[in-house]
>>> print(open('work_17.cif').read())   # mmCIF, C-alpha atoms
data_model
loop_
_atom_site.group_PDB
_atom_site.id
_atom_site.type_symbol
_atom_site.label_atom_id
_atom_site.label_comp_id
_atom_site.auth_asym_id
_atom_site.auth_seq_id
_atom_site.Cartn_x
_atom_site.Cartn_y
_atom_site.Cartn_z
ATOM 1 C CA MET A 1419 -118.249 96.078 14.673
ATOM 2 C CA ALA A 1420 -117.821 92.611 16.093
ATOM 3 C CA THR A 1421 -116.042 90.001 13.974
ATOM 4 C CA MET A 1422 -118.506 87.732 12.166
ATOM 5 C CA ASP A 1423 -117.770 84.144 11.459
ATOM 6 C CA GLU A 1424 -117.092 83.152 7.858
ATOM 7 C CA GLN A 1425 -120.546 81.655 7.219
ATOM 8 C CA GLU A 1426 -122.296 84.787 8.442
ATOM 9 C CA GLN A 1427 -120.118 86.974 6.217
ATOM 10 C CA ARG A 1428 -120.871 84.769 3.220
ATOM 11 C CA ARG A 1429 -124.604 84.821 3.989
ATOM 12 C CA ARG A 1430 -124.578 88.624 4.153
ATOM 13 C CA ARG A 1431 -122.649 88.952 0.860
ATOM 14 C CA LEU A 1432 -125.027 86.594 -0.929
ATOM 15 C CA THR A 1433 -128.072 88.387 0.480
ATOM 16 C CA ALA A 1434 -126.715 91.718 -0.757
ATOM 17 C CA TRP A 1435 -125.814 90.199 -4.129
ATOM 18 C CA ARG A 1436 -129.257 88.688 -4.610
ATOM 19 C CA GLY A 1437 -130.867 92.020 -3.785
ATOM 20 C CA SER A 1438 -128.720 93.937 -6.275
ATOM 21 C CA ARG A 1439 -130.292 95.043 -9.531
ATOM 22 C CA ARG A 1440 -126.986 95.004 -11.413
ATOM 23 C CA VAL A 1441 -124.299 92.363 -10.988
ATOM 24 C CA PRO A 1442 -121.541 91.293 -13.412
ATOM 25 C CA ALA A 1443 -122.977 87.771 -13.717
ATOM 26 C CA ARG A 1444 -125.468 85.500 -12.045
ATOM 27 C CA VAL A 1445 -123.601 82.292 -11.289
ATOM 28 C CA GLY A 1446 -124.342 79.190 -9.218
ATOM 29 C CA ALA A 1447 -123.415 80.797 -5.917
ATOM 30 C CA ASP A 1448 -126.344 83.224 -5.937
ATOM 31 C CA GLY A 1449 -128.945 80.716 -4.740
ATOM 32 C CA THR A 1450 -129.455 78.169 -2.050
ATOM 33 C CA LEU A 1451 -128.865 74.502 -2.807
ATOM 34 C CA GLY A 1452 -132.605 73.858 -2.645
ATOM 35 C CA GLU A 1453 -133.323 76.631 -5.161
ATOM 36 C CA ARG A 1454 -130.631 75.373 -7.515
ATOM 37 C CA LEU A 1455 -131.989 71.791 -7.401
ATOM 38 C CA ALA A 1456 -135.630 72.867 -7.759
ATOM 39 C CA ALA A 1457 -135.110 74.553 -11.151
ATOM 40 C CA PRO A 1458 -133.944 71.457 -13.075
ATOM 41 C CA ALA A 1459 -136.523 69.307 -11.278
ATOM 42 C CA ALA A 1460 -139.304 71.676 -12.350
ATOM 43 C CA ASP A 1461 -138.205 71.480 -16.007
ATOM 44 C CA ALA A 1462 -137.475 67.730 -16.053
ATOM 45 C CA SER A 1463 -140.753 66.760 -17.683
ATOM 46 C CA SER A 1464 -139.969 68.927 -20.721
ATOM 47 C CA VAL A 1465 -136.975 66.676 -21.454
ATOM 48 C CA HIS A 1466 -137.958 63.183 -20.288
ATOM 49 C CA ASP A 1467 -140.641 61.445 -18.253
ATOM 50 C CA PRO A 1468 -139.532 61.920 -14.625
ATOM 51 C CA ASP A 1469 -141.626 58.896 -13.595
ATOM 52 C CA ASP A 1470 -139.634 56.631 -15.936
ATOM 53 C CA TRP A 1471 -137.280 54.065 -14.391
ATOM 54 C CA THR A 1472 -133.664 54.973 -13.751
ATOM 55 C CA ASP A 1473 -131.435 54.365 -16.765
ATOM 56 C CA VAL A 1474 -128.684 51.803 -16.267
ATOM 57 C CA TYR A 1475 -126.840 52.574 -19.511
ATOM 58 C CA GLY A 1476 -128.865 50.839 -22.113
ATOM 59 C CA GLY A 1477 -132.149 52.672 -22.435
ATOM 60 C CA GLY A 1478 -134.239 55.412 -20.936
ATOM 61 C CA VAL A 1479 -133.021 58.946 -20.435
ATOM 62 C CA VAL A 1480 -129.390 58.284 -21.460
ATOM 63 C CA ALA A 1481 -130.464 56.673 -24.741
ATOM 64 C CA ASP A 1482 -132.842 59.597 -25.363
ATOM 65 C CA LEU A 1483 -130.018 62.061 -24.666
ATOM 66 C CA GLU A 1484 -127.684 60.245 -27.061
ATOM 67 C CA ARG A 1485 -130.326 60.235 -29.832
ATOM 68 C CA ARG A 1486 -131.091 63.929 -29.361
ATOM 69 C CA VAL A 1487 -127.421 64.939 -29.389
ATOM 70 C CA ALA A 1488 -126.729 62.821 -32.475
ATOM 71 C CA ARG A 1489 -129.669 64.416 -34.262
ATOM 72 C CA LEU A 1490 -128.564 67.946 -33.259
ATOM 73 C CA LEU A 1491 -125.041 67.265 -34.525
ATOM 74 C CA GLY A 1492 -126.221 65.561 -37.710
ATOM 75 C CA MET A 1493 -124.482 62.313 -36.750
ATOM 76 C CA GLU A 1494 -125.658 58.694 -36.815
ATOM 77 C CA ALA A 1495 -125.025 58.200 -33.115
ATOM 78 C CA ALA A 1496 -123.612 59.834 -29.986
ATOM 79 C CA ALA A 1497 -122.277 58.410 -26.733
ATOM 80 C CA PHE A 1498 -122.734 59.820 -23.241
ATOM 81 C CA PHE A 1499 -119.891 59.465 -20.759
ATOM 82 C CA PRO A 1500 -120.537 60.346 -17.114
ATOM 83 C CA THR A 1501 -117.095 61.901 -16.567
ATOM 84 C CA GLY A 1502 -114.603 63.886 -18.585
ATOM 85 C CA THR A 1503 -111.826 61.520 -17.522
ATOM 86 C CA MET A 1504 -113.649 58.566 -19.054
ATOM 87 C CA THR A 1505 -114.248 60.564 -22.242
ATOM 88 C CA GLN A 1506 -110.559 61.435 -22.508
ATOM 89 C CA GLN A 1507 -109.536 57.798 -22.082
ATOM 90 C CA VAL A 1508 -111.936 56.652 -24.801
ATOM 91 C CA ALA A 1509 -110.778 59.413 -27.167
ATOM 92 C CA LEU A 1510 -107.140 58.474 -26.544
ATOM 93 C CA ARG A 1511 -107.893 54.803 -27.231
ATOM 94 C CA CYS A 1512 -109.762 55.642 -30.445
ATOM 95 C CA TRP A 1513 -106.994 57.894 -31.769
ATOM 96 C CA ALA A 1514 -104.313 55.381 -30.815
ATOM 97 C CA GLY A 1515 -106.249 52.680 -32.663
ATOM 98 C CA ARG A 1516 -106.248 54.812 -35.809
ATOM 99 C CA THR A 1517 -102.456 54.687 -35.833
ATOM 100 C CA GLY A 1518 -102.565 50.897 -35.889
ATOM 101 C CA ASP A 1519 -100.933 50.688 -32.461
ATOM 102 C CA ALA A 1520 -103.217 50.540 -29.436
ATOM 103 C CA ALA A 1521 -100.331 51.195 -27.013
ATOM 104 C CA VAL A 1522 -100.169 54.645 -25.415
ATOM 105 C CA ALA A 1523 -97.789 56.226 -22.921
ATOM 106 C CA LEU A 1524 -98.957 58.496 -20.149
ATOM 107 C CA HIS A 1525 -97.086 60.751 -17.784
ATOM 108 C CA PRO A 1526 -97.590 59.512 -14.234
ATOM 109 C CA SER A 1527 -100.086 61.650 -12.370
ATOM 110 C CA PRO A 1528 -99.815 62.377 -8.634
ATOM 111 C CA SER A 1529 -102.956 60.319 -7.976
ATOM 112 C CA SER A 1530 -101.459 57.202 -9.619
ATOM 113 C CA SER A 1531 -98.398 57.034 -7.384
#
>>> encode(input="work_17.cif", output="structure tokens")
Amino acid sequence: MATMDEQEQRRRRLTAWRGSRRVPARVGADGTLGERLAAPAADASSVHDPDDWTDVYGGGVVADLERRVARLLGMEAAAFFPTGTMTQQVALRCWAGRTGDAAVALHPSPSSS
């Protein structure tokens, strides 16, 4: 058999996987990008009005998300952060503030050098 390029091998594996009745798990790699983006778009109207204006952190879908999460958790409020890194920094600042000293020390990361 002739050697196939990497993309062709991947395409064949995914085609076989999608056609299998039993697989250990169905993860994100089992569909095309278009299929993966179509599913959330199709369900968007069940969560928020897709024709609403884009939220610029102050109203709209982010505010709705925060209210829903707060209600689910039985809290007064919730805050959405777009990245885990930002969330970690805010949590560190909050916990440092509880000690009465806002100063924190961090190990230098490779990206900060």
>>> resolve_selection(input="work_17.cif", expression="the PyMOL selection byres ((chain A and resi 1466) around 10)", output="ChimeraX atom specification")
/A:1461-1465,1467-1470,1478-1480,1482-1483
>>> residues_around(input="work_17.cif", residues="A:Ala1509", least_positions_apart="6", cutoff="12 Å", atoms="all atoms listed in the file", output="PyMOL selection string")
chain A and resi 1497+1499+1502-1503+1515-1516+1520+1522
>>> atom_distance(input="work_17.cif", atom1="atom CA of A:Asp1473", atom2="atom CA of A:Phe1498")
12.1 Å
>>> atom_distance(input="work_17.cif", atom1="atom CA of A:Met1493", atom2="atom CA of A:Ala1521")
28.3 Å
>>> atom_distance(input="work_17.cif", atom1="atom CA of A:Pro1526", atom2="atom CA of A:Met1504")
16.8 Å
>>> decode(input="work_17.cif", residues="stretch 1473-1489 of chain A", atoms="all heavy atoms", output="compact mmCIF listing (two decimals), in the first residue's frame")
# COMPACT_ATOMS: atom_id res chain seq x y z
N ASP A 1473 -22.62 41.73 23.50
CA ASP A 1473 -22.39 42.23 24.86
C ASP A 1473 -20.97 42.75 24.97
O ASP A 1473 -20.02 42.11 24.53
CB ASP A 1473 -22.59 41.08 25.84
CG ASP A 1473 -22.55 41.54 27.28
OD1 ASP A 1473 -22.33 42.74 27.53
OD2 ASP A 1473 -22.74 40.70 28.15
N VAL A 1474 -20.83 43.94 25.55
CA VAL A 1474 -19.51 44.51 25.78
C VAL A 1474 -19.34 44.68 27.29
O VAL A 1474 -19.08 45.75 27.79
CB VAL A 1474 -19.34 45.86 25.04
CG1 VAL A 1474 -17.89 46.35 25.14
CG2 VAL A 1474 -19.74 45.74 23.59
N TYR A 1475 -19.53 43.56 28.00
CA TYR A 1475 -19.37 43.50 29.45
C TYR A 1475 -20.12 44.61 30.15
O TYR A 1475 -19.59 45.60 30.59
CB TYR A 1475 -17.90 43.50 29.84
CG TYR A 1475 -17.20 42.32 29.27
CD1 TYR A 1475 -16.43 42.44 28.13
CD2 TYR A 1475 -17.36 41.08 29.83
CE1 TYR A 1475 -15.82 41.34 27.57
CE2 TYR A 1475 -16.75 39.97 29.28
CZ TYR A 1475 -15.98 40.10 28.16
OH TYR A 1475 -15.38 39.01 27.60
N GLY A 1476 -21.38 44.42 30.28
CA GLY A 1476 -22.19 45.38 30.99
C GLY A 1476 -23.67 45.10 30.82
O GLY A 1476 -24.51 45.70 31.47
N GLY A 1477 -24.01 44.21 29.96
CA GLY A 1477 -25.41 43.88 29.72
C GLY A 1477 -25.48 42.75 28.72
O GLY A 1477 -24.48 42.19 28.32
N GLY A 1478 -26.66 42.40 28.32
CA GLY A 1478 -26.83 41.38 27.29
C GLY A 1478 -26.54 39.98 27.78
O GLY A 1478 -26.84 39.62 28.91
N VAL A 1479 -25.97 39.18 26.91
CA VAL A 1479 -25.81 37.76 27.17
C VAL A 1479 -24.90 37.47 28.36
O VAL A 1479 -25.14 36.54 29.12
CB VAL A 1479 -25.32 37.02 25.89
CG1 VAL A 1479 -23.90 37.42 25.54
CG2 VAL A 1479 -25.45 35.52 26.06
N VAL A 1480 -23.85 38.27 28.58
CA VAL A 1480 -22.97 38.04 29.72
C VAL A 1480 -23.72 38.31 31.02
O VAL A 1480 -23.64 37.52 31.98
CB VAL A 1480 -21.68 38.87 29.63
CG1 VAL A 1480 -20.86 38.77 30.91
CG2 VAL A 1480 -20.83 38.41 28.45
N ALA A 1481 -24.47 39.39 31.08
CA ALA A 1481 -25.26 39.69 32.29
C ALA A 1481 -26.29 38.59 32.53
O ALA A 1481 -26.50 38.17 33.68
CB ALA A 1481 -25.93 41.05 32.15
N ASP A 1482 -26.93 38.10 31.48
CA ASP A 1482 -27.89 37.00 31.62
C ASP A 1482 -27.20 35.75 32.15
O ASP A 1482 -27.72 35.07 33.03
CB ASP A 1482 -28.56 36.68 30.29
CG ASP A 1482 -29.59 37.72 29.86
OD1 ASP A 1482 -29.91 38.60 30.68
OD2 ASP A 1482 -30.03 37.65 28.71
N LEU A 1483 -26.03 35.44 31.62
CA LEU A 1483 -25.26 34.28 32.09
C LEU A 1483 -24.92 34.42 33.57
O LEU A 1483 -25.10 33.47 34.35
CB LEU A 1483 -23.98 34.13 31.27
CG LEU A 1483 -22.99 33.07 31.77
CD1 LEU A 1483 -23.56 31.68 31.59
CD2 LEU A 1483 -21.67 33.21 31.05
N GLU A 1484 -24.45 35.59 33.97
CA GLU A 1484 -24.10 35.82 35.37
C GLU A 1484 -25.31 35.64 36.29
O GLU A 1484 -25.21 35.01 37.35
CB GLU A 1484 -23.47 37.20 35.54
CG GLU A 1484 -22.10 37.31 34.91
CD GLU A 1484 -21.53 38.71 34.90
OE1 GLU A 1484 -22.31 39.69 35.03
OE2 GLU A 1484 -20.31 38.84 34.76
N ARG A 1485 -26.47 36.18 35.89
CA ARG A 1485 -27.69 36.03 36.69
C ARG A 1485 -28.11 34.58 36.81
O ARG A 1485 -28.46 34.10 37.89
CB ARG A 1485 -28.84 36.86 36.09
CG ARG A 1485 -28.79 38.33 36.47
CD ARG A 1485 -30.08 39.05 36.08
NE ARG A 1485 -30.28 39.11 34.63
CZ ARG A 1485 -29.74 40.04 33.84
NH1 ARG A 1485 -28.98 40.99 34.34
NH2 ARG A 1485 -29.98 40.02 32.54
N ARG A 1486 -28.05 33.85 35.70
CA ARG A 1486 -28.46 32.44 35.71
C ARG A 1486 -27.53 31.61 36.57
O ARG A 1486 -27.99 30.75 37.33
CB ARG A 1486 -28.49 31.90 34.28
CG ARG A 1486 -29.63 32.47 33.47
CD ARG A 1486 -29.63 31.96 32.06
NE ARG A 1486 -29.96 30.54 32.06
CZ ARG A 1486 -30.04 29.80 30.97
NH1 ARG A 1486 -29.80 30.36 29.79
NH2 ARG A 1486 -30.35 28.54 31.03
N VAL A 1487 -26.23 31.83 36.48
CA VAL A 1487 -25.27 31.08 37.29
C VAL A 1487 -25.46 31.40 38.76
O VAL A 1487 -25.46 30.49 39.61
CB VAL A 1487 -23.82 31.33 36.82
CG1 VAL A 1487 -22.82 30.76 37.81
CG2 VAL A 1487 -23.60 30.74 35.44
N ALA A 1488 -25.63 32.67 39.09
CA ALA A 1488 -25.86 33.06 40.49
C ALA A 1488 -27.10 32.37 41.03
O ALA A 1488 -27.09 31.83 42.15
CB ALA A 1488 -25.98 34.58 40.60
N ARG A 1489 -28.16 32.37 40.26
CA ARG A 1489 -29.41 31.73 40.70
C ARG A 1489 -29.19 30.23 40.89
O ARG A 1489 -29.64 29.66 41.90
CB ARG A 1489 -30.52 32.00 39.67
CG ARG A 1489 -31.88 31.54 40.12
CD ARG A 1489 -33.02 31.96 39.19
NE ARG A 1489 -32.76 31.63 37.79
CZ ARG A 1489 -32.58 32.56 36.83
NH1 ARG A 1489 -32.62 33.84 37.11
NH2 ARG A 1489 -32.36 32.18 35.59
